[in-house]
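Here the structure comes first, spelled out in structure tokens, and everything after it is commentary.
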Amino acid sequence: MVVTGAAGGIGRALANRFSAAGANVVVADLDAAGAADTAAALNAQRPGTAIGISADVGSEYGNVELIRAAEDAFGQIDLFFANAGVGMGSDPMSTPEDVWETSFNVNTHSHRWAAKHLLPGWLARGEGYFCSTASAAGLLSQIGSAPYSLTKHAAVAFAEWMSITYGDAGVRVSCLCPQGVNTNMLRAGDAAGAGPSSSVVRAAGVVLEPEDVADIVLAGIEAETFLILPHPEVLTYLQRKTADHDRWLTGMRRLQARMLAR
Ligand SMILES: NC(=O)c1ccc[n+]([C@@H]2O[C@H](COP(=O)([O-])OP(=O)(O)OC[C@H]3O[C@@H](n4cnc5c(N)ncnc54)[C@H](O)[C@@H]3O)[C@@H](O)[C@H]2O)c1
């Protein structure tokens with residue numbers, strides 16, 4: 001299996017959890033030292049079962065190179081976690097174009113680039129598993145960050161499209177949509193004081209540890225569940241949204257106003 005964004009946070013916890021369950025793991029991240037650390041810890045437990053790869057999944061070339069290196073190391077890729085992500089930007093007036101570009105490249109395009117180069121082998125073999133990490137922000141919205149909201153909605157849409165299009169051809173798809181998880185991304189949002197984003201995430205519900213999320217993902221993959229929701233309340237919010245969109249928007253505006261007033 002391959003896990004992108006596995007130098008820390010949710011990706012590292014997924015690598016640890018799936019390795020403990022017996023998987024060979026390709027640990028990929030822009031942070032080469034972090035990826036090497038994650039892989040070294042796995043190899044200390046189970047020698048020869050992990051490699052760390054420096055990869056930039058924000059380009060098609062980076063995905064091609066990653067898939068080639070992973071196949072060289074362990075053969076066919078049975079499970080690919082498109083987990084790397086960035087949380088950047090705020091409103092459309094002040095967010096620089098390069099922040100939009102990076103957000104789409106890493107949070108959205110990386111998923112379709114990986115799929116583009118995984119699907120030929122998976123369709124030929126009639127099996128393969130694609131799991132993307134989107135976010136509750138991809139089902140609801142991210143107060144304070146337009147780039148995060150857009151790119152994570154697009155990630156959910158792409159995962160749904162993959163499942164509809166290739167589900168009957170043996171390609172299984174899951175989409176992980178957590179709310180708050182105690183990782184560098186959430187902590188960096190707090191430190192930067194980046195609008196109300198991190199405070200909204202913290203106020204919206206319990207902040208889980210990455211290890212708890214990884215346990216839930218393993219169970220979700222074993223059950224082949226499409227939508228993996230470590231925070232069950234996200235399903236309630238989603239049901240409220242679809243039941244009455246206008247009422248839901250009013251509630252979100254109220255929540256935003258409360259956060260800005262803090
Ligand atoms: N922490 C949360 O509250 C939360 C909630 C919902 C969704 N998520 C999503 O979970 C995923 C993992 O994030 P995390 O919370 O573990 O934070 P994190 O910052 O610990 O992990 C993100 C990782 O992605 C890597 N990365 C960024 N750009 C990359 C690139 N171009 N190529 C390769 N790697 C790259 C980073 O180096 C980092 O190690 C992200 O997609 C994030 O959007 C996080």
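Chain labels follow the order of the structure tokens: the first chain is A, the next B, and so on; residue numbering restarts at 1 in every chain, and ligands are counted from 1 in their shown order.
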Task: Exercise answer, 6 Å around ligand 1 with only C-alpha atoms and all ligand atoms, as a ChimeraX atom specification - done: /A:4-11,29-31,55-58,83-86,106,133-135,178-186
TODO: Using only C-alpha atoms, determine which residues lie at most 12 Å from Ala13 (chain A), disregarding the query and same-chain residues fewer than 6 positions distant; provide the list as number ranges by chain.
DONE: A: 3-7, 19-20, 25, 27, 38-39, 41-42, 83, 181-183, 209-218
Next, write the just-selected residues to a file, as a short mmCIF file (atom, residue, chain, number, x, y, z; two decimals), in the first residue's frame, keeping N, CA and C atoms as the atom set.
```cif
data_model
loop_
_atom_site.label_atom_id
_atom_site.label_comp_id
_atom_site.auth_asym_id
_atom_site.auth_seq_id
_atom_site.Cartn_x
_atom_site.Cartn_y
_atom_site.Cartn_z
N VAL A 3 0.81 5.40 1.22
CA VAL A 3 0.15 6.48 1.96
C VAL A 3 0.89 7.77 1.66
N THR A 4 0.19 8.75 1.08
CA THR A 4 0.82 10.05 0.85
C THR A 4 0.56 10.95 2.07
N GLY A 5 1.46 11.89 2.27
CA GLY A 5 1.33 12.77 3.43
C GLY A 5 1.53 12.01 4.73
N ALA A 6 2.47 11.06 4.72
CA ALA A 6 2.61 10.16 5.87
C ALA A 6 3.84 10.48 6.73
N ALA A 7 4.37 11.71 6.60
CA ALA A 7 5.47 12.12 7.48
C ALA A 7 4.96 12.34 8.91
N SER A 19 0.40 -1.18 8.78
CA SER A 19 1.59 -2.02 8.93
C SER A 19 1.36 -3.05 10.03
N ALA A 20 0.79 -2.61 11.15
CA ALA A 20 0.51 -3.55 12.26
C ALA A 20 -0.45 -4.64 11.81
N VAL A 25 4.31 -1.06 3.40
CA VAL A 25 3.86 0.34 3.30
C VAL A 25 4.91 1.22 2.62
N VAL A 27 5.73 4.93 2.32
CA VAL A 27 5.44 6.16 3.04
C VAL A 27 5.93 7.33 2.19
N THR A 38 9.05 7.84 9.51
CA THR A 38 7.87 6.95 9.62
C THR A 38 8.26 5.55 9.16
N ALA A 39 8.96 5.48 8.01
CA ALA A 39 9.32 4.16 7.47
C ALA A 39 10.30 3.44 8.40
N ALA A 41 10.53 3.67 11.62
CA ALA A 41 9.80 3.14 12.78
C ALA A 41 9.07 1.85 12.41
N LEU A 42 8.51 1.81 11.20
CA LEU A 42 7.81 0.58 10.77
C LEU A 42 8.80 -0.57 10.58
N ASN A 83 -3.73 10.95 0.78
CA ASN A 83 -4.00 11.59 2.08
C ASN A 83 -3.33 12.96 2.22
N VAL A 181 -8.85 16.82 13.86
CA VAL A 181 -7.89 15.78 14.24
C VAL A 181 -6.62 16.50 14.72
N ASN A 182 -6.07 16.00 15.80
CA ASN A 182 -4.93 16.67 16.45
C ASN A 182 -3.64 16.41 15.67
N THR A 183 -3.40 17.24 14.64
CA THR A 183 -2.21 17.10 13.79
C THR A 183 -1.56 18.47 13.59
N GLU A 209 -7.58 12.00 18.08
CA GLU A 209 -6.17 11.71 17.84
C GLU A 209 -6.05 10.95 16.51
N PRO A 210 -4.94 11.16 15.77
CA PRO A 210 -4.79 10.45 14.48
C PRO A 210 -4.89 8.94 14.62
N GLU A 211 -4.44 8.39 15.74
CA GLU A 211 -4.48 6.93 15.94
C GLU A 211 -5.93 6.43 16.00
N ASP A 212 -6.83 7.25 16.61
CA ASP A 212 -8.25 6.86 16.65
C ASP A 212 -8.83 6.85 15.25
N VAL A 213 -8.43 7.86 14.46
CA VAL A 213 -8.92 7.94 13.07
C VAL A 213 -8.44 6.72 12.29
N ALA A 214 -7.18 6.34 12.49
CA ALA A 214 -6.62 5.20 11.74
C ALA A 214 -7.36 3.91 12.07
N ASP A 215 -7.74 3.71 13.33
CA ASP A 215 -8.51 2.52 13.70
C ASP A 215 -9.84 2.49 12.94
N ILE A 216 -10.48 3.67 12.88
CA ILE A 216 -11.79 3.76 12.21
C ILE A 216 -11.63 3.53 10.70
N VAL A 217 -10.52 4.02 10.13
CA VAL A 217 -10.28 3.82 8.69
C VAL A 217 -10.06 2.34 8.39
N LEU A 218 -9.29 1.67 9.22
CA LEU A 218 -9.05 0.24 8.99
C LEU A 218 -10.38 -0.52 8.97
#
```
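Considering the residues A:Asp91, A:Asp78, A:Glu65, A:Asp72 and counting only C-alpha atoms, Ser197 (chain A) has its shortest atom-to-atom contact with A:Asp91.
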Task: DSSP helix (DSSP H, G or I) residues within region 67-181 of chain A, as a count of residues only - done: 64
Test item: residues at most 9 Å from region 240-248 of chain A, only C-alpha atoms, excluding those fewer than 5 positions along its chain, as a compact mmCIF listing (two decimals) with N, CA and C atoms, in the first residue's frame:
```txt
# COMPACT_ATOMS: atom_id res chain seq x y z
N LEU A 140 -19.61 19.68 4.05
CA LEU A 140 -20.32 20.80 4.66
C LEU A 140 -19.71 22.08 4.10
N LEU A 235 -22.49 13.16 9.96
CA LEU A 235 -23.63 12.61 9.21
C LEU A 235 -24.92 13.36 9.56
N ARG A 253 -24.05 30.62 9.01
CA ARG A 253 -23.74 32.06 9.16
C ARG A 253 -23.74 32.45 10.64
```
DSSP on the backbone: what in region 112-251 of chain A comes out strand (DSSP E or B), as a PDB file with N, CA, C and O atoms, in the first residue's frame?
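Result went into selection.pdb, see below:
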```pdb
ATOM      1  N   GLY A 128      -8.486  -3.207  -6.979  1.00  0.00           N
ATOM      2  CA  GLY A 128      -7.668  -2.089  -6.515  1.00  0.00           C
ATOM      3  C   GLY A 128      -8.503  -1.297  -5.524  1.00  0.00           C
ATOM      4  O   GLY A 128      -9.737  -1.374  -5.549  1.00  0.00           O
ATOM      5  N   TYR A 129      -7.835  -0.589  -4.619  1.00  0.00           N
ATOM      6  CA  TYR A 129      -8.580   0.179  -3.604  1.00  0.00           C
ATOM      7  C   TYR A 129      -7.992   1.583  -3.528  1.00  0.00           C
ATOM      8  O   TYR A 129      -6.787   1.752  -3.310  1.00  0.00           O
ATOM      9  N   PHE A 130      -8.856   2.578  -3.721  1.00  0.00           N
ATOM     10  CA  PHE A 130      -8.454   3.989  -3.649  1.00  0.00           C
ATOM     11  C   PHE A 130      -9.167   4.620  -2.460  1.00  0.00           C
ATOM     12  O   PHE A 130     -10.400   4.615  -2.393  1.00  0.00           O
ATOM     13  N   CYS A 131      -8.397   5.141  -1.523  1.00  0.00           N
ATOM     14  CA  CYS A 131      -8.999   5.843  -0.385  1.00  0.00           C
ATOM     15  C   CYS A 131      -8.439   7.252  -0.353  1.00  0.00           C
ATOM     16  O   CYS A 131      -7.220   7.433  -0.311  1.00  0.00           O
ATOM     17  N   SER A 132      -9.302   8.239  -0.426  1.00  0.00           N
ATOM     18  CA  SER A 132      -8.822   9.619  -0.355  1.00  0.00           C
ATOM     19  C   SER A 132      -9.198  10.229   0.987  1.00  0.00           C
ATOM     20  O   SER A 132     -10.236   9.891   1.561  1.00  0.00           O
ATOM     21  N   THR A 133      -8.328  11.096   1.470  1.00  0.00           N
ATOM     22  CA  THR A 133      -8.680  11.890   2.643  1.00  0.00           C
ATOM     23  C   THR A 133      -9.204  13.219   2.137  1.00  0.00           C
ATOM     24  O   THR A 133      -8.444  14.028   1.599  1.00  0.00           O
ATOM     25  N   VAL A 171     -12.908  -1.887  -8.693  1.00  0.00           N
ATOM     26  CA  VAL A 171     -12.154  -0.827  -8.006  1.00  0.00           C
ATOM     27  C   VAL A 171     -13.015  -0.313  -6.847  1.00  0.00           C
ATOM     28  O   VAL A 171     -14.106   0.206  -7.055  1.00  0.00           O
ATOM     29  N   ARG A 172     -12.503  -0.509  -5.650  1.00  0.00           N
ATOM     30  CA  ARG A 172     -13.232  -0.047  -4.470  1.00  0.00           C
ATOM     31  C   ARG A 172     -12.716   1.332  -4.060  1.00  0.00           C
ATOM     32  O   ARG A 172     -11.515   1.627  -4.246  1.00  0.00           O
ATOM     33  N   VAL A 173     -13.607   2.141  -3.518  1.00  0.00           N
ATOM     34  CA  VAL A 173     -13.252   3.523  -3.189  1.00  0.00           C
ATOM     35  C   VAL A 173     -13.837   3.882  -1.826  1.00  0.00           C
ATOM     36  O   VAL A 173     -14.996   3.562  -1.542  1.00  0.00           O
ATOM     37  N   SER A 174     -13.018   4.523  -1.001  1.00  0.00           N
ATOM     38  CA  SER A 174     -13.516   5.107   0.241  1.00  0.00           C
ATOM     39  C   SER A 174     -13.063   6.549   0.313  1.00  0.00           C
ATOM     40  O   SER A 174     -12.057   6.936  -0.304  1.00  0.00           O
ATOM     41  N   CYS A 175     -13.807   7.332   1.079  1.00  0.00           N
ATOM     42  CA  CYS A 175     -13.479   8.756   1.213  1.00  0.00           C
ATOM     43  C   CYS A 175     -13.574   9.104   2.701  1.00  0.00           C
ATOM     44  O   CYS A 175     -14.641   9.005   3.302  1.00  0.00           O
ATOM     45  N   LEU A 176     -12.432   9.471   3.244  1.00  0.00           N
ATOM     46  CA  LEU A 176     -12.345   9.788   4.679  1.00  0.00           C
ATOM     47  C   LEU A 176     -12.662  11.272   4.885  1.00  0.00           C
ATOM     48  O   LEU A 176     -12.003  12.132   4.287  1.00  0.00           O
ATOM     49  N   VAL A 181      -8.845  16.820  13.857  1.00  0.00           N
ATOM     50  CA  VAL A 181      -7.888  15.783  14.243  1.00  0.00           C
ATOM     51  C   VAL A 181      -6.622  16.499  14.718  1.00  0.00           C
ATOM     52  O   VAL A 181      -6.174  17.477  14.099  1.00  0.00           O
ATOM     53  N   LEU A 208     -10.161  14.483  17.518  1.00  0.00           N
ATOM     54  CA  LEU A 208      -9.677  13.112  17.681  1.00  0.00           C
ATOM     55  C   LEU A 208      -8.164  13.042  17.542  1.00  0.00           C
ATOM     56  O   LEU A 208      -7.547  13.897  16.902  1.00  0.00           O
ATOM     57  N   LEU A 227     -18.127   6.219   2.630  1.00  0.00           N
ATOM     58  CA  LEU A 227     -17.905   7.434   3.421  1.00  0.00           C
ATOM     59  C   LEU A 227     -17.449   7.043   4.822  1.00  0.00           C
ATOM     60  O   LEU A 227     -18.212   6.435   5.576  1.00  0.00           O
ATOM     61  N   ILE A 228     -16.201   7.375   5.143  1.00  0.00           N
ATOM     62  CA  ILE A 228     -15.673   7.045   6.466  1.00  0.00           C
ATOM     63  C   ILE A 228     -15.717   8.321   7.302  1.00  0.00           C
ATOM     64  O   ILE A 228     -15.026   9.301   7.004  1.00  0.00           O
TER      65      ILE A 228
END
```
Open item on the list: List as a list in words the protein and nucleic acid residues near Ser149 (chain A), meaning an atom at most 7 Å away when only C-alpha atoms are counted, but skip any in the same chain fewer than 5 places from it.
Closed with: Ala137, Gly138, Ser141 and Gln142 of chain A
Could you please take those selected residues and save N, CA, C and O atoms as a PDB file, in the first residue's frame?
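What landed in result.pdb:
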```pdb
ATOM      1  N   ALA A 137     -15.136  19.262   5.670  1.00  0.00           N
ATOM      2  CA  ALA A 137     -15.260  20.505   4.887  1.00  0.00           C
ATOM      3  C   ALA A 137     -15.655  20.221   3.446  1.00  0.00           C
ATOM      4  O   ALA A 137     -16.127  21.116   2.752  1.00  0.00           O
ATOM      5  N   GLY A 138     -15.458  18.998   2.982  1.00  0.00           N
ATOM      6  CA  GLY A 138     -15.845  18.621   1.628  1.00  0.00           C
ATOM      7  C   GLY A 138     -17.303  18.206   1.529  1.00  0.00           C
ATOM      8  O   GLY A 138     -17.825  18.005   0.426  1.00  0.00           O
ATOM      9  N   SER A 141     -18.747  22.646   4.769  1.00  0.00           N
ATOM     10  CA  SER A 141     -17.982  23.771   4.245  1.00  0.00           C
ATOM     11  C   SER A 141     -16.931  24.086   5.294  1.00  0.00           C
ATOM     12  O   SER A 141     -17.010  23.579   6.406  1.00  0.00           O
ATOM     13  N   GLN A 142     -15.943  24.882   4.929  1.00  0.00           N
ATOM     14  CA  GLN A 142     -14.940  25.299   5.908  1.00  0.00           C
ATOM     15  C   GLN A 142     -15.105  26.799   6.123  1.00  0.00           C
ATOM     16  O   GLN A 142     -14.704  27.590   5.260  1.00  0.00           O
TER      17      GLN A 142
END
```
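Compared by their closest atoms to Glu101 (chain A), and using only C-alpha atoms, the residues A:Gly144, A:Ala115, A:Trp122, A:Thr151 rank with A:Thr151 nearest.
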